[in-house]
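query.csv (CSV, N, CA and C atoms) appears below.
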chain,number,residue,atom,x,y,z
A,1,MET,N,14.0,38.9,-17.2
A,1,MET,CA,13.2,37.7,-17.7
A,1,MET,C,14.0,36.5,-17.8
A,2,ARG,N,15.2,36.6,-18.4
A,2,ARG,CA,16.1,35.5,-18.6
A,2,ARG,C,16.5,34.9,-17.3
A,3,VAL,N,16.8,35.8,-16.3
A,3,VAL,CA,17.3,35.3,-15.0
A,3,VAL,C,16.2,34.5,-14.4
A,4,TRP,N,14.9,34.9,-14.5
A,4,TRP,CA,13.8,34.1,-13.9
A,4,TRP,C,13.6,32.8,-14.5
A,5,ILE,N,13.8,32.7,-15.8
A,5,ILE,CA,13.7,31.4,-16.5
A,5,ILE,C,14.8,30.5,-16.0
A,6,LEU,N,16.1,31.0,-15.9
A,6,LEU,CA,17.2,30.2,-15.4
A,6,LEU,C,16.9,29.7,-13.9
A,7,LEU,N,16.4,30.7,-13.1
A,7,LEU,CA,16.1,30.3,-11.7
A,7,LEU,C,15.0,29.3,-11.7
A,8,LEU,N,14.0,29.4,-12.5
A,8,LEU,CA,12.9,28.4,-12.5
A,8,LEU,C,13.4,27.1,-12.9
A,9,GLY,N,14.3,27.0,-13.9
A,9,GLY,CA,14.9,25.8,-14.4
A,9,GLY,C,15.7,25.1,-13.3
A,10,ALA,N,16.5,25.9,-12.6
A,10,ALA,CA,17.3,25.4,-11.5
A,10,ALA,C,16.4,24.8,-10.4
A,11,LEU,N,15.3,25.5,-10.0
A,11,LEU,CA,14.4,25.0,-9.0
A,11,LEU,C,13.7,23.7,-9.4
A,12,LEU,N,13.3,23.6,-10.7
A,12,LEU,CA,12.7,22.4,-11.1
A,12,LEU,C,13.7,21.2,-11.1
A,13,ALA,N,15.0,21.5,-11.5
A,13,ALA,CA,16.0,20.4,-11.4
A,13,ALA,C,16.2,20.0,-10.0
A,14,LEU,N,16.2,20.9,-9.0
A,14,LEU,CA,16.4,20.5,-7.6
A,14,LEU,C,15.2,19.7,-7.1
A,15,ALA,N,14.0,20.1,-7.5
A,15,ALA,CA,12.8,19.4,-7.0
A,15,ALA,C,12.7,18.0,-7.5
A,16,SER,N,13.3,17.8,-8.7
A,16,SER,CA,13.2,16.4,-9.3
A,16,SER,C,14.2,15.5,-8.5
A,17,GLN,N,15.2,16.1,-7.8
A,17,GLN,CA,16.1,15.3,-7.1
A,17,GLN,C,15.7,15.1,-5.6
A,18,LEU,N,14.6,15.8,-5.2
A,18,LEU,CA,14.2,15.7,-3.8
A,18,LEU,C,13.9,14.3,-3.3
A,19,PRO,N,13.2,13.5,-4.0
A,19,PRO,CA,12.9,12.1,-3.5
A,19,PRO,C,14.2,11.3,-3.3
A,20,ALA,N,15.2,11.4,-4.2
A,20,ALA,CA,16.5,10.7,-4.0
A,20,ALA,C,17.2,11.3,-2.8
A,21,ALA,N,17.2,12.6,-2.6
A,21,ALA,CA,17.9,13.2,-1.5
A,21,ALA,C,17.3,12.7,-0.1
A,22,LEU,N,16.0,12.4,-0.2
A,22,LEU,CA,15.3,11.9,1.0
A,22,LEU,C,15.4,10.4,1.2
A,23,GLY,N,16.1,9.7,0.3
A,23,GLY,CA,16.3,8.3,0.4
A,23,GLY,C,15.2,7.5,-0.3
A,24,ARG,N,14.4,8.2,-1.1
A,24,ARG,CA,13.3,7.5,-1.8
A,24,ARG,C,13.5,7.4,-3.3
A,25,LYS,N,13.0,6.4,-3.9
A,25,LYS,CA,13.0,6.3,-5.3
A,25,LYS,C,12.0,7.2,-6.0
A,26,LYS,N,12.1,7.5,-7.2
A,26,LYS,CA,11.2,8.4,-7.9
A,26,LYS,C,9.8,7.6,-7.9
A,27,GLY,N,8.8,8.3,-7.5
A,27,GLY,CA,7.4,7.8,-7.5
A,27,GLY,C,7.1,7.1,-6.2
A,28,GLU,N,8.1,7.0,-5.3
A,28,GLU,CA,7.8,6.4,-4.0
A,28,GLU,C,7.3,7.4,-3.0
A,29,LYS,N,6.2,7.1,-2.3
A,29,LYS,CA,5.6,8.0,-1.4
A,29,LYS,C,6.3,8.0,-0.1
A,30,SER,N,6.1,9.1,0.7
A,30,SER,CA,6.8,9.1,2.0
A,30,SER,C,6.1,8.1,3.0
A,31,GLY,N,6.7,7.9,4.1
A,31,GLY,CA,6.2,6.9,5.1
A,31,GLY,C,6.7,5.5,4.8
A,32,GLY,N,6.2,4.6,5.5
A,32,GLY,CA,6.6,3.2,5.4
A,32,GLY,C,5.5,2.3,5.4
A,33,CYS,N,5.8,1.0,5.3
A,33,CYS,CA,4.8,-0.1,5.3
A,33,CYS,C,4.8,-0.7,6.7
A,34,PRO,N,3.6,-1.1,7.2
A,34,PRO,CA,3.5,-1.7,8.5
A,34,PRO,C,4.2,-3.1,8.4
A,35,PRO,N,4.5,-3.7,9.6
A,35,PRO,CA,5.1,-5.0,9.6
A,35,PRO,C,4.3,-6.0,8.8
A,36,ASP,N,4.9,-7.0,8.2
A,36,ASP,CA,4.2,-8.0,7.5
A,36,ASP,C,4.4,-9.3,8.3
A,37,ASP,N,3.4,-9.7,9.1
A,37,ASP,CA,3.4,-10.9,9.9
A,37,ASP,C,2.5,-11.9,9.4
A,38,GLY,N,1.8,-11.7,8.3
A,38,GLY,CA,0.8,-12.7,7.8
A,38,GLY,C,1.4,-13.9,7.2
A,39,PRO,N,0.6,-15.0,7.2
A,39,PRO,CA,1.1,-16.2,6.6
A,39,PRO,C,1.2,-16.0,5.0
A,40,CYS,N,2.1,-16.8,4.4
A,40,CYS,CA,2.3,-16.6,3.0
A,40,CYS,C,1.1,-17.3,2.2
A,41,LEU,N,0.5,-16.4,1.3
A,41,LEU,CA,-0.6,-16.9,0.5
A,41,LEU,C,-0.2,-16.8,-1.0
A,42,LEU,N,0.5,-17.8,-1.5
A,42,LEU,CA,1.1,-17.7,-2.8
A,42,LEU,C,0.0,-17.6,-3.9
A,43,SER,N,-1.2,-18.0,-3.7
A,43,SER,CA,-2.2,-17.9,-4.7
A,43,SER,C,-2.8,-16.5,-5.0
A,44,VAL,N,-2.4,-15.6,-4.1
A,44,VAL,CA,-3.0,-14.2,-4.2
A,44,VAL,C,-2.1,-13.4,-5.1
A,45,PRO,N,-2.6,-12.8,-6.2
A,45,PRO,CA,-1.8,-12.0,-7.1
A,45,PRO,C,-1.5,-10.6,-6.5
A,46,ASP,N,-0.4,-10.0,-7.0
A,46,ASP,CA,0.0,-8.7,-6.5
A,46,ASP,C,-1.1,-7.7,-7.0
A,47,GLN,N,-1.5,-6.8,-6.1
A,47,GLN,CA,-2.5,-5.7,-6.5
A,47,GLN,C,-1.8,-4.5,-7.0
A,48,CYS,N,-0.5,-4.4,-6.7
A,48,CYS,CA,0.3,-3.2,-7.2
A,48,CYS,C,1.8,-3.6,-7.2
A,49,LEU,N,2.6,-2.8,-7.9
A,49,LEU,CA,4.0,-3.1,-8.0
A,49,LEU,C,4.8,-1.9,-7.4
A,50,GLU,N,4.2,-0.7,-7.4
A,50,GLU,CA,4.9,0.5,-6.9
A,50,GLU,C,3.8,1.5,-6.3
A,51,ASP,N,4.3,2.4,-5.5
A,51,ASP,CA,3.4,3.3,-4.8
A,51,ASP,C,2.5,4.1,-5.7
A,52,ARG,N,3.0,4.5,-6.8
A,52,ARG,CA,2.2,5.4,-7.7
A,52,ARG,C,0.9,4.7,-8.2
A,53,GLN,N,0.8,3.4,-8.1
A,53,GLN,CA,-0.4,2.7,-8.5
A,53,GLN,C,-1.4,2.7,-7.4
A,54,CYS,N,-1.1,3.2,-6.2
A,54,CYS,CA,-2.0,3.2,-5.1
A,54,CYS,C,-2.7,4.6,-4.9
A,55,PRO,N,-3.9,4.7,-4.5
A,55,PRO,CA,-4.6,5.9,-4.3
A,55,PRO,C,-4.0,6.8,-3.1
A,56,SER,N,-4.1,8.1,-3.3
A,56,SER,CA,-3.7,9.1,-2.3
A,56,SER,C,-2.5,8.7,-1.5
A,57,THR,N,-2.7,8.5,-0.2
A,57,THR,CA,-1.5,8.3,0.7
A,57,THR,C,-1.2,6.9,1.0
A,58,MET,N,-1.8,6.0,0.2
A,58,MET,CA,-1.6,4.5,0.4
A,58,MET,C,-0.3,4.1,-0.2
A,59,LYS,N,0.4,3.1,0.3
A,59,LYS,CA,1.7,2.6,-0.2
A,59,LYS,C,1.5,1.2,-0.7
A,60,CYS,N,2.3,0.8,-1.7
A,60,CYS,CA,2.4,-0.6,-2.2
A,60,CYS,C,3.3,-1.4,-1.3
A,61,CYS,N,2.8,-2.3,-0.5
A,61,CYS,CA,3.5,-3.0,0.6
A,61,CYS,C,3.4,-4.5,0.4
A,62,HIS,N,4.4,-5.2,0.9
A,62,HIS,CA,4.4,-6.7,1.0
A,62,HIS,C,3.4,-7.1,2.1
A,63,ARG,N,2.5,-8.0,1.7
A,63,ARG,CA,1.6,-8.5,2.7
A,63,ARG,C,1.4,-10.0,2.4
A,64,ALA,N,2.0,-10.8,3.2
A,64,ALA,CA,1.9,-12.3,3.1
A,64,ALA,C,2.2,-12.8,1.7
A,65,CYS,N,3.4,-12.5,1.2
A,65,CYS,CA,3.9,-13.0,-0.1
A,65,CYS,C,3.3,-12.3,-1.3
A,66,PHE,N,2.5,-11.3,-1.2
A,66,PHE,CA,2.0,-10.5,-2.3
A,66,PHE,C,2.0,-9.1,-1.9
A,67,ARG,N,1.8,-8.2,-2.9
A,67,ARG,CA,1.8,-6.7,-2.6
A,67,ARG,C,0.4,-6.2,-2.8
A,68,GLN,N,0.1,-5.2,-1.9
A,68,GLN,CA,-1.2,-4.6,-2.0
A,68,GLN,C,-1.1,-3.1,-1.4
A,69,CYS,N,-2.1,-2.3,-1.8
A,69,CYS,CA,-2.1,-0.9,-1.4
A,69,CYS,C,-2.7,-0.9,0.0
A,70,ILE,N,-1.9,-0.3,1.0
A,70,ILE,CA,-2.4,-0.2,2.4
A,70,ILE,C,-2.0,1.1,2.9
A,71,PRO,N,-2.7,1.6,4.0
A,71,PRO,CA,-2.3,2.9,4.6
A,71,PRO,C,-0.9,2.9,5.1
A,72,ARG,N,-0.1,4.0,4.8
A,72,ARG,CA,1.3,4.1,5.2
A,72,ARG,C,1.4,4.4,6.7
A,73,VAL,N,2.5,4.1,7.2
A,73,VAL,CA,2.8,4.4,8.6
A,73,VAL,C,4.0,5.4,8.7
A,74,SER,N,4.1,6.2,9.7
A,74,SER,CA,5.2,7.1,9.8
A,74,SER,C,6.5,6.4,10.1
A,75,VAL,N,7.6,6.8,9.6
A,75,VAL,CA,8.9,6.1,9.8
A,75,VAL,C,9.9,7.2,10.2
A,76,LYS,N,10.6,6.8,11.3
A,76,LYS,CA,11.7,7.7,11.8
A,76,LYS,C,12.9,7.7,10.9
A,77,LEU,N,13.8,8.6,11.0
A,77,LEU,CA,15.0,8.7,10.2
A,77,LEU,C,16.0,7.6,10.7
A,78,GLY,N,16.8,7.2,9.7
A,78,GLY,CA,17.8,6.1,10.0
A,78,GLY,C,17.3,4.7,9.6
A,79,SER,N,18.2,3.8,9.5
A,79,SER,CA,17.8,2.4,9.2
A,79,SER,C,18.0,1.5,10.4
A,80,CYS,N,17.2,0.4,10.4
A,80,CYS,CA,17.4,-0.5,11.5
A,80,CYS,C,18.7,-1.3,11.3
A,81,PRO,N,19.4,-1.5,12.5
A,81,PRO,CA,20.6,-2.3,12.4
A,81,PRO,C,20.3,-3.7,12.0
A,82,LYS,N,21.3,-4.3,11.3
A,82,LYS,CA,21.2,-5.7,10.9
A,82,LYS,C,21.3,-6.6,12.2
A,83,ASP,N,20.5,-7.6,12.3
A,83,ASP,CA,20.6,-8.6,13.4
A,83,ASP,C,20.9,-10.0,12.8
A,84,LEU,N,22.1,-10.5,13.0
A,84,LEU,CA,22.5,-11.8,12.4
A,84,LEU,C,22.2,-13.0,13.3
A,85,LEU,N,21.7,-12.7,14.5
A,85,LEU,CA,21.4,-13.8,15.4
A,85,LEU,C,20.1,-14.6,15.0
A,86,GLN,N,20.0,-15.8,15.4
A,86,GLN,CA,18.9,-16.7,15.1
A,86,GLN,C,18.2,-17.0,16.5
A,87,CYS,N,16.9,-16.8,16.6
A,87,CYS,CA,16.2,-17.0,17.9
A,87,CYS,C,15.7,-18.5,17.9
A,88,LEU,N,15.8,-19.1,19.1
A,88,LEU,CA,15.3,-20.4,19.3
A,88,LEU,C,14.0,-20.5,20.0
A,89,SER,N,13.5,-19.3,20.5
A,89,SER,CA,12.2,-19.2,21.2
A,89,SER,C,11.2,-18.6,20.2
A,90,PRO,N,9.9,-18.7,20.6
A,90,PRO,CA,8.9,-18.0,19.7
A,90,PRO,C,9.1,-16.5,19.6
A,91,MET,N,8.6,-15.9,18.5
A,91,MET,CA,8.6,-14.5,18.3
A,91,MET,C,7.9,-13.8,19.4
A,92,ASN,N,8.5,-12.7,19.9
A,92,ASN,CA,7.8,-11.8,20.9
A,92,ASN,C,8.1,-10.4,20.5
A,93,HIS,N,7.0,-9.7,19.9
A,93,HIS,CA,7.2,-8.4,19.5
A,93,HIS,C,6.9,-7.4,20.6
A,94,LEU,N,7.9,-6.5,20.8
A,94,LEU,CA,7.7,-5.5,21.9
A,94,LEU,C,7.2,-4.2,21.3
A,95,CYS,N,7.2,-4.0,20.0
A,95,CYS,CA,6.7,-2.9,19.3
A,95,CYS,C,6.1,-3.3,17.9
A,96,HIS,N,5.3,-2.5,17.3
A,96,HIS,CA,4.8,-2.8,16.0
A,96,HIS,C,5.1,-1.8,14.9
A,97,LYS,N,5.4,-0.5,15.4
A,97,LYS,CA,5.7,0.5,14.4
A,97,LYS,C,6.6,1.5,15.2
A,98,ASP,N,7.3,2.4,14.4
A,98,ASP,CA,8.3,3.3,15.0
A,98,ASP,C,7.6,4.2,16.1
A,99,SER,N,6.4,4.6,15.9
A,99,SER,CA,5.8,5.5,16.8
A,99,SER,C,5.6,4.8,18.2
A,100,ASP,N,5.7,3.5,18.3
A,100,ASP,CA,5.7,2.8,19.6
A,100,ASP,C,6.9,3.0,20.4
A,101,CYS,N,8.0,3.5,19.7
A,101,CYS,CA,9.3,3.7,20.4
A,101,CYS,C,9.5,5.2,20.7
A,102,SER,N,10.3,5.4,21.8
A,102,SER,CA,10.5,6.7,22.3
A,102,SER,C,11.7,7.4,21.5
A,103,GLY,N,11.7,8.7,21.5
A,103,GLY,CA,12.8,9.4,20.9
A,103,GLY,C,13.1,9.1,19.5
A,104,GLN,N,14.4,8.8,19.2
A,104,GLN,CA,14.8,8.5,17.8
A,104,GLN,C,14.8,7.0,17.5
A,105,LYS,N,14.5,6.2,18.6
A,105,LYS,CA,14.5,4.7,18.4
A,105,LYS,C,13.5,4.3,17.4
A,106,ARG,N,13.8,3.2,16.6
A,106,ARG,CA,13.0,2.7,15.6
A,106,ARG,C,12.5,1.3,16.0
A,107,CYS,N,11.4,0.9,15.6
A,107,CYS,CA,10.9,-0.5,15.8
A,107,CYS,C,11.5,-1.4,14.7
A,108,CYS,N,12.5,-2.2,15.2
A,108,CYS,CA,13.3,-3.0,14.2
A,108,CYS,C,13.1,-4.5,14.5
A,109,HIS,N,13.1,-5.3,13.4
A,109,HIS,CA,13.0,-6.7,13.5
A,109,HIS,C,14.3,-7.3,14.0
A,110,GLY,N,14.3,-8.0,15.1
A,110,GLY,CA,15.5,-8.6,15.7
A,110,GLY,C,15.3,-10.1,15.5
A,111,ALA,N,16.2,-10.9,16.1
A,111,ALA,CA,16.2,-12.3,16.0
A,111,ALA,C,14.9,-12.9,16.6
A,112,CYS,N,14.5,-12.4,17.7
A,112,CYS,CA,13.3,-13.0,18.4
A,112,CYS,C,12.0,-12.1,18.3
A,113,GLY,N,12.0,-11.1,17.4
A,113,GLY,CA,10.8,-10.3,17.2
A,113,GLY,C,11.3,-8.8,17.1
A,114,ARG,N,10.3,-7.9,17.0
A,114,ARG,CA,10.6,-6.5,16.9
A,114,ARG,C,10.7,-5.9,18.2
A,115,ASP,N,11.7,-5.0,18.3
A,115,ASP,CA,11.9,-4.2,19.5
A,115,ASP,C,12.5,-2.8,19.2
A,116,CYS,N,12.5,-1.9,20.1
A,116,CYS,CA,13.0,-0.5,19.9
A,116,CYS,C,14.5,-0.5,19.9
A,117,ARG,N,15.1,0.1,18.9
A,117,ARG,CA,16.6,0.1,18.8
A,117,ARG,C,17.0,1.5,18.3
A,118,ASP,N,18.2,1.8,18.6
A,118,ASP,CA,18.8,3.0,18.0
A,118,ASP,C,19.1,2.8,16.5
A,119,PRO,N,18.8,3.7,15.6
A,119,PRO,CA,19.1,3.5,14.2
A,119,PRO,C,20.6,3.2,14.0
A,120,ALA,N,20.8,2.4,12.9
A,120,ALA,CA,22.2,2.1,12.5
A,120,ALA,C,22.9,3.4,12.0
A,121,ARG,N,24.2,3.4,12.2
A,121,ARG,CA,25.0,4.5,11.7
A,121,ARG,C,25.5,4.0,10.4
A,122,ASP,N,24.9,4.6,9.3
A,122,ASP,CA,25.3,4.1,7.9
A,122,ASP,C,26.6,4.7,7.4
Write out the structure in this file as structure tokens.
Amino acid sequence: MRVWILLLGALLALASQLPAALGRKKGEKSGGCPPDDGPCLLSVPDQCLEDRQCPSTMKCCHRACFRQCIPRVSVKLGSCPKDLLQCLSPMNHLCHKDSDCSGQKRCCHGACGRDCRDPARD
């Protein structure tokens, strides 16, 4: 009996660390937010501050200078590489979400818009 209690305690301790091991903060839901291309509306108040304030599978995401609960999108592993260039031409998006990209490539924001890129090596 004592062994089972210790084993249960160890499993609960590991489960509480799972979100951090997956790169998420406690209370953060899986998946990601869709791109935020809307104009800034400063007069609109935030509808949420974190994912746990959103129903079921919705996430608390930035939308035009405020936060709101919206359906999450699937996100591939790895982070987008940083792009320090500045574009002089209008934005031209070649993708809108990771699932638009083949293989392990992610839809990342670059200097002139979003395009499919290999994830950064952190």
When you look at Pro34 in chain A with a cut-off of 8 Å (counting only N, CA and C atoms), what residues show up, excluding the ones that are within fewer than 3 positions of it in the same chain? I need them as a short mmCIF file (atom, residue, chain, number, x, y, z; two decimals) with N, CA and C atoms, keeping the file's coordinate frame.
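Output contents, as saved in out_1.cif:
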data_model
loop_
_atom_site.label_atom_id
_atom_site.label_comp_id
_atom_site.auth_asym_id
_atom_site.auth_seq_id
_atom_site.Cartn_x
_atom_site.Cartn_y
_atom_site.Cartn_z
N GLY A 31 6.70 7.90 4.10
CA GLY A 31 6.20 6.90 5.10
C GLY A 31 6.70 5.50 4.80
N ASP A 37 3.40 -9.70 9.10
CA ASP A 37 3.40 -10.90 9.90
C ASP A 37 2.50 -11.90 9.40
N CYS A 61 2.80 -2.30 -0.50
CA CYS A 61 3.50 -3.00 0.60
C CYS A 61 3.40 -4.50 0.40
N HIS A 62 4.40 -5.20 0.90
CA HIS A 62 4.40 -6.70 1.00
C HIS A 62 3.40 -7.10 2.10
N ILE A 70 -1.90 -0.30 1.00
CA ILE A 70 -2.40 -0.20 2.40
C ILE A 70 -2.00 1.10 2.90
N PRO A 71 -2.70 1.60 4.00
CA PRO A 71 -2.30 2.90 4.60
C PRO A 71 -0.90 2.90 5.10
N ARG A 72 -0.10 4.00 4.80
CA ARG A 72 1.30 4.10 5.20
C ARG A 72 1.40 4.40 6.70
N VAL A 73 2.50 4.10 7.20
CA VAL A 73 2.80 4.40 8.60
C VAL A 73 4.00 5.40 8.70
N SER A 74 4.10 6.20 9.70
CA SER A 74 5.20 7.10 9.80
C SER A 74 6.50 6.40 10.10
N HIS A 96 5.30 -2.50 17.30
CA HIS A 96 4.80 -2.80 16.00
C HIS A 96 5.10 -1.80 14.90
N LYS A 97 5.40 -0.50 15.40
CA LYS A 97 5.70 0.50 14.40
C LYS A 97 6.60 1.50 15.20
#
Range 56-59 of chain A: which residues within 8 Å, counting only N, CA and C atoms, same-chain residues fewer than 4 positions away excluded, as a VMD selection string?
chain A and resid 28 to 33 48 50 to 52 67 to 73
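The residue set within 7 Å of range 85-87 of chain A, counting all atoms listed in the file and dropping same-chain residues fewer than 5 places from it, reads Gly110, Ala111 and Cys112 of chain A.
Between atom N of Lys76 in chain A and atom N of Arg63 in chain A the interatomic distance comes to 19.4 Å.
A straight line drawn from atom C of Pro35 in chain A to atom N of Arg121 in chain A is 22.3 Å long.
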So what do you get for CA of His93 in chain A versus atom C of Gly78 in chain A, distance-wise?
19.3 Å
Using backbone DSSP assignments, extract all strand (DSSP E) residues from range 30-79 of chain A; output them as a ChimeraX atom specification.
/A:58-63,66-71
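You can rank A:Gly103, A:Phe66, A:Val75, A:Leu94 by their closest distance to Cys116 in chain A using only N, CA and C atoms, and at the top of that list sits A:Leu94.
Distance check against His109 in chain A using only C-alpha atoms: of A:Leu88, A:Leu42, A:Cys80, A:Cys54, the minimum falls on A:Cys80.
If only C-alpha atoms are the atoms counted, then among A:Cys95, A:Ala64, A:Leu84, A:Cys107 the closest residue to Pro45 in chain A is A:Ala64.
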